[in-house]
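entry_12.pdb (PDB, C-alpha atoms and all ligand atoms) appears below.
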ATOM      1  CA  MET P   1      89.053  -2.170 -56.023  1.00  0.00           C
ATOM      2  CA  SER P   2      89.265  -5.660 -57.448  1.00  0.00           C
ATOM      3  CA  THR P   3      87.827  -8.493 -55.421  1.00  0.00           C
ATOM      4  CA  PHE P   4      89.483 -11.146 -57.595  1.00  0.00           C
ATOM      5  CA  THR P   5      91.621 -13.709 -55.897  1.00  0.00           C
ATOM      6  CA  ASP P   6      94.873 -14.966 -57.442  1.00  0.00           C
ATOM      7  CA  THR P   7      92.977 -17.924 -58.855  1.00  0.00           C
ATOM      8  CA  ASP P   8      90.542 -15.607 -60.602  1.00  0.00           C
ATOM      9  CA  ILE P   9      93.322 -13.563 -62.177  1.00  0.00           C
ATOM     10  CA  THR P  10      94.886 -16.613 -63.837  1.00  0.00           C
ATOM     11  CA  ASN P  11      91.524 -17.022 -65.565  1.00  0.00           C
ATOM     12  CA  SER P  12      91.017 -15.454 -69.028  1.00  0.00           C
ATOM     13  CA  GLU P  13      89.194 -12.531 -67.312  1.00  0.00           C
ATOM     14  CA  VAL P  14      91.805 -10.058 -66.071  1.00  0.00           C
ATOM     15  CA  VAL P  15      89.607  -6.975 -65.684  1.00  0.00           C
ATOM     16  CA  ASP P  16      86.948  -6.279 -63.079  1.00  0.00           C
ATOM     17  CA  VAL P  17      83.509  -7.503 -64.019  1.00  0.00           C
ATOM     18  CA  TYR P  18      80.339  -5.658 -63.079  1.00  0.00           C
ATOM     19  CA  GLN P  19      76.679  -6.540 -63.200  1.00  0.00           C
ATOM     20  CA  PHE P  20      73.919  -4.184 -64.252  1.00  0.00           C
ATOM     21  CA  ILE P  21      70.320  -5.171 -63.616  1.00  0.00           C
ATOM     22  CA  TYR P  22      67.271  -3.102 -64.423  1.00  0.00           C
ATOM     23  CA  ILE P  23      63.579  -3.308 -65.191  1.00  0.00           C
ATOM     24  CA  SER P  24      61.567  -1.201 -67.633  1.00  0.00           C
ATOM     25  CA  ARG P  25      58.213  -1.033 -69.424  1.00  0.00           C
ATOM     26  CA  ILE P  26      57.718  -1.419 -73.151  1.00  0.00           C
ATOM     27  CA  THR P  27      56.330   1.753 -74.793  1.00  0.00           C
ATOM     28  CA  SER P  28      53.745   2.054 -77.543  1.00  0.00           C
ATOM     29  CA  THR P  29      56.694   2.713 -79.887  1.00  0.00           C
ATOM     30  CA  GLY P  30      58.195  -0.605 -78.817  1.00  0.00           C
ATOM     31  CA  LEU P  31      54.886  -2.426 -79.214  1.00  0.00           C
ATOM     32  CA  SER P  32      54.155  -0.932 -82.620  1.00  0.00           C
ATOM     33  CA  GLY P  33      57.589  -1.736 -84.057  1.00  0.00           C
ATOM     34  CA  ALA P  34      57.549  -4.373 -86.766  1.00  0.00           C
ATOM     35  CA  SER P  35      59.895  -6.663 -84.862  1.00  0.00           C
ATOM     36  CA  THR P  36      61.044  -4.868 -81.745  1.00  0.00           C
ATOM     37  CA  LEU P  37      62.300  -7.842 -79.762  1.00  0.00           C
ATOM     38  CA  ASN P  38      64.128  -9.199 -82.730  1.00  0.00           C
ATOM     39  CA  ASP P  39      65.703  -5.839 -83.587  1.00  0.00           C
ATOM     40  CA  ILE P  40      66.901  -5.405 -80.013  1.00  0.00           C
ATOM     41  CA  ALA P  41      68.321  -8.922 -79.970  1.00  0.00           C
ATOM     42  CA  GLU P  42      70.183  -8.494 -83.249  1.00  0.00           C
ATOM     43  CA  THR P  43      71.753  -5.143 -82.267  1.00  0.00           C
ATOM     44  CA  SER P  44      72.563  -6.374 -78.783  1.00  0.00           C
ATOM     45  CA  ILE P  45      74.247  -9.584 -79.871  1.00  0.00           C
ATOM     46  CA  LYS P  46      76.384  -7.626 -82.337  1.00  0.00           C
ATOM     47  CA  ASN P  47      77.324  -4.838 -79.881  1.00  0.00           C
ATOM     48  CA  ASN P  48      77.649  -6.992 -76.796  1.00  0.00           C
ATOM     49  CA  THR P  49      79.994  -9.385 -78.560  1.00  0.00           C
ATOM     50  CA  ILE P  50      82.238  -6.443 -79.493  1.00  0.00           C
ATOM     51  CA  ASN P  51      82.043  -4.997 -75.960  1.00  0.00           C
ATOM     52  CA  ASN P  52      82.442  -8.335 -74.182  1.00  0.00           C
ATOM     53  CA  ILE P  53      79.073  -7.978 -72.471  1.00  0.00           C
ATOM     54  CA  THR P  54      77.092 -11.093 -71.637  1.00  0.00           C
ATOM     55  CA  GLY P  55      73.639 -11.504 -70.158  1.00  0.00           C
ATOM     56  CA  ILE P  56      69.972 -12.067 -70.606  1.00  0.00           C
ATOM     57  CA  LEU P  57      66.978  -9.946 -71.604  1.00  0.00           C
ATOM     58  CA  CYS P  58      63.549 -11.096 -70.495  1.00  0.00           C
ATOM     59  CA  TYR P  59      60.301  -9.750 -71.855  1.00  0.00           C
ATOM     60  CA  GLY P  60      56.880 -10.579 -70.522  1.00  0.00           C
ATOM     61  CA  ASN P  61      53.578  -8.922 -69.680  1.00  0.00           C
ATOM     62  CA  GLY P  62      54.785  -5.584 -71.095  1.00  0.00           C
ATOM     63  CA  TYR P  63      57.936  -5.477 -68.962  1.00  0.00           C
ATOM     64  CA  PHE P  64      61.642  -5.936 -69.557  1.00  0.00           C
ATOM     65  CA  PHE P  65      64.080  -7.407 -67.058  1.00  0.00           C
ATOM     66  CA  GLN P  66      67.689  -7.271 -68.176  1.00  0.00           C
ATOM     67  CA  TYR P  67      70.791  -8.611 -66.506  1.00  0.00           C
ATOM     68  CA  VAL P  68      74.124  -7.804 -68.164  1.00  0.00           C
ATOM     69  CA  GLU P  69      77.707  -8.275 -67.068  1.00  0.00           C
ATOM     70  CA  GLY P  70      80.916  -6.692 -68.375  1.00  0.00           C
ATOM     71  CA  THR P  71      83.387  -3.943 -67.569  1.00  0.00           C
ATOM     72  CA  GLU P  72      82.156  -0.933 -65.629  1.00  0.00           C
ATOM     73  CA  GLN P  73      82.782   1.291 -68.656  1.00  0.00           C
ATOM     74  CA  ALA P  74      80.968  -1.000 -71.117  1.00  0.00           C
ATOM     75  CA  LEU P  75      77.933  -1.246 -68.830  1.00  0.00           C
ATOM     76  CA  THR P  76      77.893   2.504 -68.182  1.00  0.00           C
ATOM     77  CA  ASN P  77      77.898   3.125 -71.940  1.00  0.00           C
ATOM     78  CA  LEU P  78      75.071   0.619 -72.395  1.00  0.00           C
ATOM     79  CA  LYS P  79      73.065   2.200 -69.575  1.00  0.00           C
ATOM     80  CA  ASN P  80      73.357   5.584 -71.308  1.00  0.00           C
ATOM     81  CA  GLN P  81      72.130   4.061 -74.585  1.00  0.00           C
ATOM     82  CA  LEU P  82      69.234   2.386 -72.805  1.00  0.00           C
ATOM     83  CA  LEU P  83      68.149   5.631 -71.150  1.00  0.00           C
ATOM     84  CA  MET P  84      67.746   7.201 -74.600  1.00  0.00           C
ATOM     85  CA  ASP P  85      65.890   4.275 -76.173  1.00  0.00           C
ATOM     86  CA  ASP P  86      62.209   5.117 -76.730  1.00  0.00           C
ATOM     87  CA  ARG P  87      61.152   1.476 -77.085  1.00  0.00           C
ATOM     88  CA  HIS P  88      60.999   1.287 -73.299  1.00  0.00           C
ATOM     89  CA  LYS P  89      60.522   3.688 -70.365  1.00  0.00           C
ATOM     90  CA  ASP P  90      60.638   3.994 -66.566  1.00  0.00           C
ATOM     91  CA  LEU P  91      64.028   2.285 -66.408  1.00  0.00           C
ATOM     92  CA  GLN P  92      64.616   1.347 -62.782  1.00  0.00           C
ATOM     93  CA  MET P  93      68.106   0.189 -61.885  1.00  0.00           C
ATOM     94  CA  LEU P  94      68.097  -2.714 -59.446  1.00  0.00           C
ATOM     95  CA  GLU P  95      71.845  -3.252 -59.231  1.00  0.00           C
ATOM     96  CA  PHE P  96      75.136  -1.939 -60.571  1.00  0.00           C
ATOM     97  CA  SER P  97      77.999  -3.591 -58.736  1.00  0.00           C
ATOM     98  CA  GLU P  98      81.165  -5.605 -59.048  1.00  0.00           C
ATOM     99  CA  ILE P  99      80.942  -9.398 -59.292  1.00  0.00           C
ATOM    100  CA  LYS P 100      83.487 -12.194 -59.192  1.00  0.00           C
ATOM    101  CA  THR P 101      82.332 -14.380 -62.040  1.00  0.00           C
ATOM    102  CA  ARG P 102      79.950 -14.090 -64.937  1.00  0.00           C
ATOM    103  CA  ARG P 103      76.627 -15.902 -64.749  1.00  0.00           C
ATOM    104  CA  PHE P 104      75.922 -16.091 -68.503  1.00  0.00           C
ATOM    105  CA  GLU P 105      79.363 -16.232 -70.075  1.00  0.00           C
ATOM    106  CA  ASN P 106      78.206 -17.904 -73.330  1.00  0.00           C
ATOM    107  CA  TRP P 107      75.324 -15.568 -74.050  1.00  0.00           C
ATOM    108  CA  SER P 108      76.157 -12.143 -75.492  1.00  0.00           C
ATOM    109  CA  LEU P 109      72.463 -11.559 -74.974  1.00  0.00           C
ATOM    110  CA  ARG P 110      69.812 -14.215 -74.838  1.00  0.00           C
ATOM    111  CA  SER P 111      66.343 -12.744 -75.297  1.00  0.00           C
ATOM    112  CA  ILE P 112      63.507 -14.752 -73.914  1.00  0.00           C
ATOM    113  CA  VAL P 113      59.798 -14.134 -73.793  1.00  0.00           C
ATOM    114  CA  LEU P 114      58.727 -15.324 -70.396  1.00  0.00           C
ATOM    115  CA  GLU P 115      55.832 -17.742 -70.443  1.00  0.00           C
ATOM    116  CA  GLN P 116      54.940 -20.040 -67.621  1.00  0.00           C
ATOM    117  CA  TRP P 117      54.700 -23.050 -69.872  1.00  0.00           C
ATOM    118  CA  LEU P 118      58.344 -22.643 -70.921  1.00  0.00           C
ATOM    119  CA  PHE P 119      59.769 -23.221 -67.496  1.00  0.00           C
ATOM    120  CA  LYS P 120      59.854 -26.186 -65.182  1.00  0.00           C
ATOM    121  CA  ASP P 121      61.444 -24.229 -62.349  1.00  0.00           C
ATOM    122  CA  PRO P 122      58.649 -23.576 -59.790  1.00  0.00           C
ATOM    123  CA  ASN P 123      60.498 -20.509 -58.403  1.00  0.00           C
ATOM    124  CA  LEU P 124      60.491 -18.899 -61.828  1.00  0.00           C
ATOM    125  CA  LYS P 125      56.901 -19.894 -62.532  1.00  0.00           C
ATOM    126  CA  ALA P 126      55.814 -18.337 -59.258  1.00  0.00           C
ATOM    127  CA  LEU P 127      57.110 -14.937 -60.443  1.00  0.00           C
ATOM    128  CA  LEU P 128      55.145 -15.052 -63.709  1.00  0.00           C
ATOM    129  CA  PRO P 129      53.380 -13.281 -65.278  1.00  0.00           C
ATOM    130  CA  LEU P 130      56.205 -10.790 -64.948  1.00  0.00           C
ATOM    131  CA  LYS P 131      55.416  -7.885 -62.564  1.00  0.00           C
ATOM    132  CA  PRO P 132      58.922  -6.759 -61.622  1.00  0.00           C
ATOM    133  CA  TYR P 133      57.959  -3.335 -60.211  1.00  0.00           C
ATOM    134  CA  SER P 134      56.221  -5.066 -57.331  1.00  0.00           C
ATOM    135  CA  TRP P 135      59.166  -7.325 -56.477  1.00  0.00           C
ATOM    136  CA  ASN P 136      61.314  -7.009 -53.406  1.00  0.00           C
ATOM    137  CA  ALA P 137      65.084  -7.647 -53.406  1.00  0.00           C
ATOM    138  CA  GLU P 138      64.591 -11.319 -52.565  1.00  0.00           C
ATOM    139  CA  ASP P 139      62.206 -11.824 -55.514  1.00  0.00           C
ATOM    140  CA  SER P 140      64.787 -10.330 -57.901  1.00  0.00           C
ATOM    141  CA  LYS P 141      67.482 -12.618 -56.546  1.00  0.00           C
ATOM    142  CA  VAL P 142      65.280 -15.711 -56.796  1.00  0.00           C
ATOM    143  CA  PHE P 143      64.333 -14.702 -60.335  1.00  0.00           C
ATOM    144  CA  LEU P 144      67.940 -14.214 -61.412  1.00  0.00           C
ATOM    145  CA  ASP P 145      69.094 -17.456 -59.817  1.00  0.00           C
ATOM    146  CA  SER P 146      66.261 -19.270 -61.616  1.00  0.00           C
ATOM    147  CA  LEU P 147      67.316 -17.725 -64.927  1.00  0.00           C
ATOM    148  CA  GLN P 148      70.855 -18.899 -64.331  1.00  0.00           C
ATOM    149  CA  HIS P 149      69.504 -22.351 -63.584  1.00  0.00           C
ATOM    150  CA  TYR P 150      67.634 -22.172 -66.905  1.00  0.00           C
ATOM    151  CA  TYR P 151      70.853 -21.007 -68.618  1.00  0.00           C
ATOM    152  CA  ASP P 152      72.799 -23.945 -67.170  1.00  0.00           C
ATOM    153  CA  SER P 153      70.202 -26.373 -68.514  1.00  0.00           C
ATOM    154  CA  GLN P 154      70.104 -24.672 -71.940  1.00  0.00           C
ATOM    155  CA  VAL P 155      73.840 -24.407 -72.613  1.00  0.00           C
ATOM    156  CA  LYS P 156      74.053 -28.185 -72.330  1.00  0.00           C
ATOM    157  CA  VAL P 157      71.553 -28.708 -75.147  1.00  0.00           C
ATOM    158  CA  GLU P 158      71.697 -25.627 -77.375  1.00  0.00           C
ATOM    159  CA  GLU P 159      74.127 -23.650 -79.461  1.00  0.00           C
ATOM    160  CA  VAL P 160      75.036 -20.288 -77.963  1.00  0.00           C
ATOM    161  CA  ASP P 161      73.336 -17.060 -79.072  1.00  0.00           C
ATOM    162  CA  MET P 162      70.423 -18.609 -80.938  1.00  0.00           C
ATOM    163  CA  GLN P 163      68.279 -15.906 -82.490  1.00  0.00           C
ATOM    164  CA  PRO P 164      64.756 -15.674 -81.146  1.00  0.00           C
ATOM    165  CA  ILE P 165      61.908 -16.655 -83.440  1.00  0.00           C
ATOM    166  CA  LYS P 166      61.032 -13.691 -85.644  1.00  0.00           C
ATOM    167  CA  TYR P 167      57.624 -12.247 -84.957  1.00  0.00           C
ATOM    168  CA  ASN P 168      56.140  -8.771 -85.163  1.00  0.00           C
ATOM    169  CA  ALA P 169      54.150  -6.507 -82.842  1.00  0.00           C
ATOM    170  CA  LEU P 170      51.033  -8.616 -83.391  1.00  0.00           C
ATOM    171  CA  GLY P 171      53.153 -11.598 -82.473  1.00  0.00           C
ATOM    172  CA  ILE P 172      54.306  -9.873 -79.290  1.00  0.00           C
ATOM    173  CA  THR P 173      50.713  -9.265 -78.270  1.00  0.00           C
ATOM    174  CA  LEU P 174      49.645 -12.767 -79.197  1.00  0.00           C
ATOM    175  CA  SER P 175      52.644 -14.299 -77.525  1.00  0.00           C
ATOM    176  CA  LYS P 176      51.492 -12.720 -74.265  1.00  0.00           C
ATOM    177  CA  VAL P 177      48.289 -14.685 -74.610  1.00  0.00           C
ATOM    178  CA  VAL P 178      49.351 -17.963 -76.121  1.00  0.00           C
ATOM    179  CA  GLY P 179      53.133 -18.206 -75.847  1.00  0.00           C
ATOM    180  CA  GLN P 180      55.980 -17.655 -78.280  1.00  0.00           C
ATOM    181  CA  HIS P 181      55.814 -20.787 -80.402  1.00  0.00           C
ATOM    182  CA  GLN P 182      52.046 -21.012 -80.411  1.00  0.00           C
ATOM    183  CA  ALA P 183      51.849 -17.342 -81.501  1.00  0.00           C
ATOM    184  CA  PHE P 184      54.091 -18.087 -84.462  1.00  0.00           C
ATOM    185  CA  PHE P 185      51.962 -21.042 -85.579  1.00  0.00           C
ATOM    186  CA  LEU P 186      48.719 -19.169 -84.935  1.00  0.00           C
ATOM    187  CA  ILE P 187      49.813 -16.331 -87.251  1.00  0.00           C
ATOM    188  CA  GLN P 188      50.837 -18.855 -89.911  1.00  0.00           C
ATOM    189  CA  THR P 189      47.497 -20.641 -89.614  1.00  0.00           C
ATOM    190  CA  VAL P 190      45.412 -17.449 -89.821  1.00  0.00           C
ATOM    191  CA  LEU P 191      47.363 -16.205 -92.860  1.00  0.00           C
ATOM    192  CA  GLY P 192      47.075 -19.624 -94.544  1.00  0.00           C
ATOM    193  CA  THR P 193      43.318 -19.721 -93.966  1.00  0.00           C
ATOM    194  CA  LEU P 194      42.894 -16.200 -95.371  1.00  0.00           C
ATOM    195  CA  ILE P 195      44.811 -17.154 -98.537  1.00  0.00           C
ATOM    196  CA  VAL P 196      42.667 -20.283 -99.047  1.00  0.00           C
ATOM    197  CA  LEU P 197      39.450 -18.269 -98.529  1.00  0.00           C
ATOM    198  CA  ALA P 198      40.627 -15.604-101.001  1.00  0.00           C
ATOM    199  CA  LEU P 199      41.417 -18.256-103.630  1.00  0.00           C
ATOM    200  CA  LEU P 200      38.000 -19.896-103.133  1.00  0.00           C
ATOM    201  CA  TRP P 201      36.281 -16.541-103.455  1.00  0.00           C
ATOM    202  CA  PHE P 202      38.068 -15.786-106.762  1.00  0.00           C
ATOM    203  CA  MET P 203      37.243 -19.262-108.130  1.00  0.00           C
ATOM    204  CA  LEU P 204      33.567 -19.158-107.163  1.00  0.00           C
ATOM    205  CA  ALA P 205      32.849 -15.450-107.763  1.00  0.00           C
ATOM    206  CA  ASP P 206      32.128 -15.752-111.524  1.00  0.00           C
ATOM    207  CA  LYS P 207      29.904 -18.834-111.050  1.00  0.00           C
ATOM    208  CA  PHE P 208      27.194 -16.850-109.254  1.00  0.00           C
TER     209      PHE P 208
HETATM  210  C1  LIG S   1      64.981  -3.483 -73.399  1.00  0.00           C
HETATM  211  C2  LIG S   1      66.190  -3.145 -74.232  1.00  0.00           C
HETATM  212  C3  LIG S   1      67.376  -3.834 -74.046  1.00  0.00           C
HETATM  213  C4  LIG S   1      68.506  -3.543 -74.810  1.00  0.00           C
HETATM  214  N1  LIG S   1      69.673  -4.220 -74.593  1.00  0.00           N
HETATM  215  C5  LIG S   1      70.783  -3.893 -75.305  1.00  0.00           C
HETATM  216  C6  LIG S   1      72.026  -4.563 -75.095  1.00  0.00           C
HETATM  217  O1  LIG S   1      72.156  -5.457 -74.267  1.00  0.00           O
HETATM  218  N2  LIG S   1      73.078  -4.187 -75.871  1.00  0.00           N
HETATM  219  C7  LIG S   1      72.998  -3.205 -76.818  1.00  0.00           C
HETATM  220  O2  LIG S   1      74.006  -2.914 -77.473  1.00  0.00           O
HETATM  221  N3  LIG S   1      71.833  -2.567 -77.026  1.00  0.00           N
HETATM  222  C8  LIG S   1      70.739  -2.885 -76.311  1.00  0.00           C
HETATM  223  N4  LIG S   1      69.560  -2.235 -76.545  1.00  0.00           N
HETATM  224  C9  LIG S   1      69.523  -1.222 -77.627  1.00  0.00           C
HETATM  225  C10 LIG S   1      70.116   0.099 -77.158  1.00  0.00           C
HETATM  226  O3  LIG S   1      69.157   0.820 -76.408  1.00  0.00           O
HETATM  227  C11 LIG S   1      70.540   0.927 -78.364  1.00  0.00           C
HETATM  228  O4  LIG S   1      69.464   1.050 -79.264  1.00  0.00           O
HETATM  229  C12 LIG S   1      71.695   0.268 -79.084  1.00  0.00           C
HETATM  230  O5  LIG S   1      72.729  -0.029 -78.189  1.00  0.00           O
HETATM  231  C13 LIG S   1      72.221   1.200 -80.192  1.00  0.00           C
HETATM  232  O6  LIG S   1      73.176   0.473 -80.910  1.00  0.00           O
HETATM  233  P1  LIG S   1      73.707   0.986 -82.328  1.00  0.00           P
HETATM  234  O7  LIG S   1      74.346   2.326 -82.040  1.00  0.00           O
HETATM  235  O8  LIG S   1      74.689  -0.060 -82.761  1.00  0.00           O
HETATM  236  O9  LIG S   1      72.507   1.076 -83.225  1.00  0.00           O
HETATM  237  C14 LIG S   1      68.429  -2.527 -75.796  1.00  0.00           C
HETATM  238  C15 LIG S   1      67.228  -1.833 -75.990  1.00  0.00           C
HETATM  239  C16 LIG S   1      66.117  -2.138 -75.224  1.00  0.00           C
HETATM  240  C17 LIG S   1      64.839  -1.389 -75.434  1.00  0.00           C
END
Re-express the file's structure as structure tokens.
Amino acid sequence: MSTFTDTDITNSEVVDVYQFIYISRITSTGLSGASTLNDIAETSIKNNTINNITGILCYGNGYFFQYVEGTEQALTNLKNQLLMDDRHKDLQMLEFSEIKTRRFENWSLRSIVLEQWLFKDPNLKALLPLKPYSWNAEDSKVFLDSLQHYYDSQVKVEEVDMQPIKYNALGITLSKVVGQHQAFFLIQTVLGTLIVLALLWFMLADKF
């Protein structure tokens, strides 16, 4: 049964909206993929736009936390896809219920790698590094509210649906240690240094 009031129905949203929240663990398949997070983000943005799903996918410390909102049918279909996806495992549903309004209506799926340094919100920082299987219901709610707070601050300054920085499985591992942007620059620096060393070696090899 719809919980929309008359005011809600005059809004562009005329169908019931549901939320689906779950946590899961990345698998070795997910970690070994060339660009797992990026692949998921690209597919999700494409599909979710078509299916009018919005939400956020968080990755950190080997865990996923995803919050999505859309019609009951669209979310049920997505849940079935997720259960068959071998890039993650141990999917634990935290919530599947009707809601009145969307939290992330401009994001067909924002993917973020959770790093303490990224966030000013002390509530969010307190729940990092991500260990969602040990959370209670209140922790999940605080976490989600903090993400929405982050969303509200980001939509003011950013374009919607920005792609995450591309980085591979090594980048995922490094990003756990040093953060998303630092990981990207670290990889660039290491590769650059290797190229310079190789050039030097070729130049000097025939002199000795
Ligand atoms: C952690 C995680 C989150 C995902 N989130 C979404 C999503 O929000 N939307 C989506 O369409 N696919 C998502 N996927 C991918 C689906 O499991 C599945 O691969 C995809 O829907 C298949 O789409 P395709 O038939 O267009 O290739 C996610 C996968 C993982 C591992």
Within 12 Å of P:Asn77 using only C-alpha atoms, minus same-chain residues under 5 positions, as a PDB file with C-alpha atoms, keeping the file's coordinate frame:
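Full text of selection_3.pdb as output:
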ATOM      1  CA  PHE P  20      73.919  -4.184 -64.252  1.00  0.00           C
ATOM      2  CA  ASN P  47      77.324  -4.838 -79.881  1.00  0.00           C
ATOM      3  CA  ASN P  48      77.649  -6.992 -76.796  1.00  0.00           C
ATOM      4  CA  ASN P  51      82.043  -4.997 -75.960  1.00  0.00           C
ATOM      5  CA  ILE P  53      79.073  -7.978 -72.471  1.00  0.00           C
ATOM      6  CA  GLY P  70      80.916  -6.692 -68.375  1.00  0.00           C
ATOM      7  CA  THR P  71      83.387  -3.943 -67.569  1.00  0.00           C
ATOM      8  CA  GLU P  72      82.156  -0.933 -65.629  1.00  0.00           C
ATOM      9  CA  LEU P  82      69.234   2.386 -72.805  1.00  0.00           C
ATOM     10  CA  LEU P  83      68.149   5.631 -71.150  1.00  0.00           C
ATOM     11  CA  MET P  84      67.746   7.201 -74.600  1.00  0.00           C
TER      12      MET P  84
END
- Message: The residues within 12 Å of (57.0, -2.7, -73.3), using only C-alpha atoms and the coordinates of the file, should be reported as a PyMOL selection string; which are they?
- Response: chain P and resi 23-33+36-37+58-65+85-91+113+130+169+172-173+176
- Of the candidates P:Ala198, P:Leu147, P:Met93, P:Ala34, which one gets nearest to P:Thr76 if we count only C-alpha atoms? P:Met93
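Our summary of the geometry notes that atom C14 of ligand LIG 1 (chain S) is positioned 7.6 Å from atom CA of P:Ala41.
Atom C14 of ligand LIG 1 (chain S) to atom CA of P:Tyr18 spans 17.7 Å [interatomic distance, one decimal].
You can rank P:Val15, P:Ala205, P:Ile56, P:Leu124 by their closest distance to ligand LIG 1 (chain S) using all atoms listed in the file, and at the top of that list sits P:Ile56.
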- Item | P:Val17, P:Ile40, P:Leu144, P:Ile195 ranked by distance to ligand LIG 1 (chain S), top pick (using all atoms listed in the file) | P:Ile40
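Of the residues under consideration (P:Phe202, P:Tyr67, P:Tyr22, P:Trp107), P:Trp107 shows the shortest atom-to-atom contact distance to P:Asn52 when counting all atoms listed in the file.
In this model, the gap between atom CA of P:Ser134 and atom CA of P:Leu114 comes to 16.8 Å.
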- Message: Using only C-alpha atoms - which residues lie no farther than 10 Å from the point (66.6, -18.2, -62.3) in the file's frame? Write them as a list of chain:residue names.
- Response: P:Phe119, P:Asp121, P:Pro122, P:Asn123, P:Leu124, P:Lys125, P:Ser140, P:Lys141, P:Val142, P:Phe143, P:Leu144, P:Asp145, P:Ser146, P:Leu147, P:Gln148, P:His149, P:Tyr150, P:Tyr151, P:Asp152
Quick one: write out the picked residues with C-alpha atoms as a short mmCIF file (atom, residue, chain, number, x, y, z; two decimals), in the coordinates of the input?
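The result, written out as part-v7.cif:
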data_model
loop_
_atom_site.label_atom_id
_atom_site.label_comp_id
_atom_site.auth_asym_id
_atom_site.auth_seq_id
_atom_site.Cartn_x
_atom_site.Cartn_y
_atom_site.Cartn_z
CA PHE P 119 59.77 -23.22 -67.50
CA ASP P 121 61.44 -24.23 -62.35
CA PRO P 122 58.65 -23.58 -59.79
CA ASN P 123 60.50 -20.51 -58.40
CA LEU P 124 60.49 -18.90 -61.83
CA LYS P 125 56.90 -19.89 -62.53
CA SER P 140 64.79 -10.33 -57.90
CA LYS P 141 67.48 -12.62 -56.55
CA VAL P 142 65.28 -15.71 -56.80
CA PHE P 143 64.33 -14.70 -60.34
CA LEU P 144 67.94 -14.21 -61.41
CA ASP P 145 69.09 -17.46 -59.82
CA SER P 146 66.26 -19.27 -61.62
CA LEU P 147 67.32 -17.73 -64.93
CA GLN P 148 70.86 -18.90 -64.33
CA HIS P 149 69.50 -22.35 -63.58
CA TYR P 150 67.63 -22.17 -66.90
CA TYR P 151 70.85 -21.01 -68.62
CA ASP P 152 72.80 -23.94 -67.17
#
- Query: Which of these, P:Leu109, P:Leu199, P:Val190, P:Ala74, has the shortest distance to P:Thr54 once you count all atoms listed in the file?
  - Reply: P:Leu109
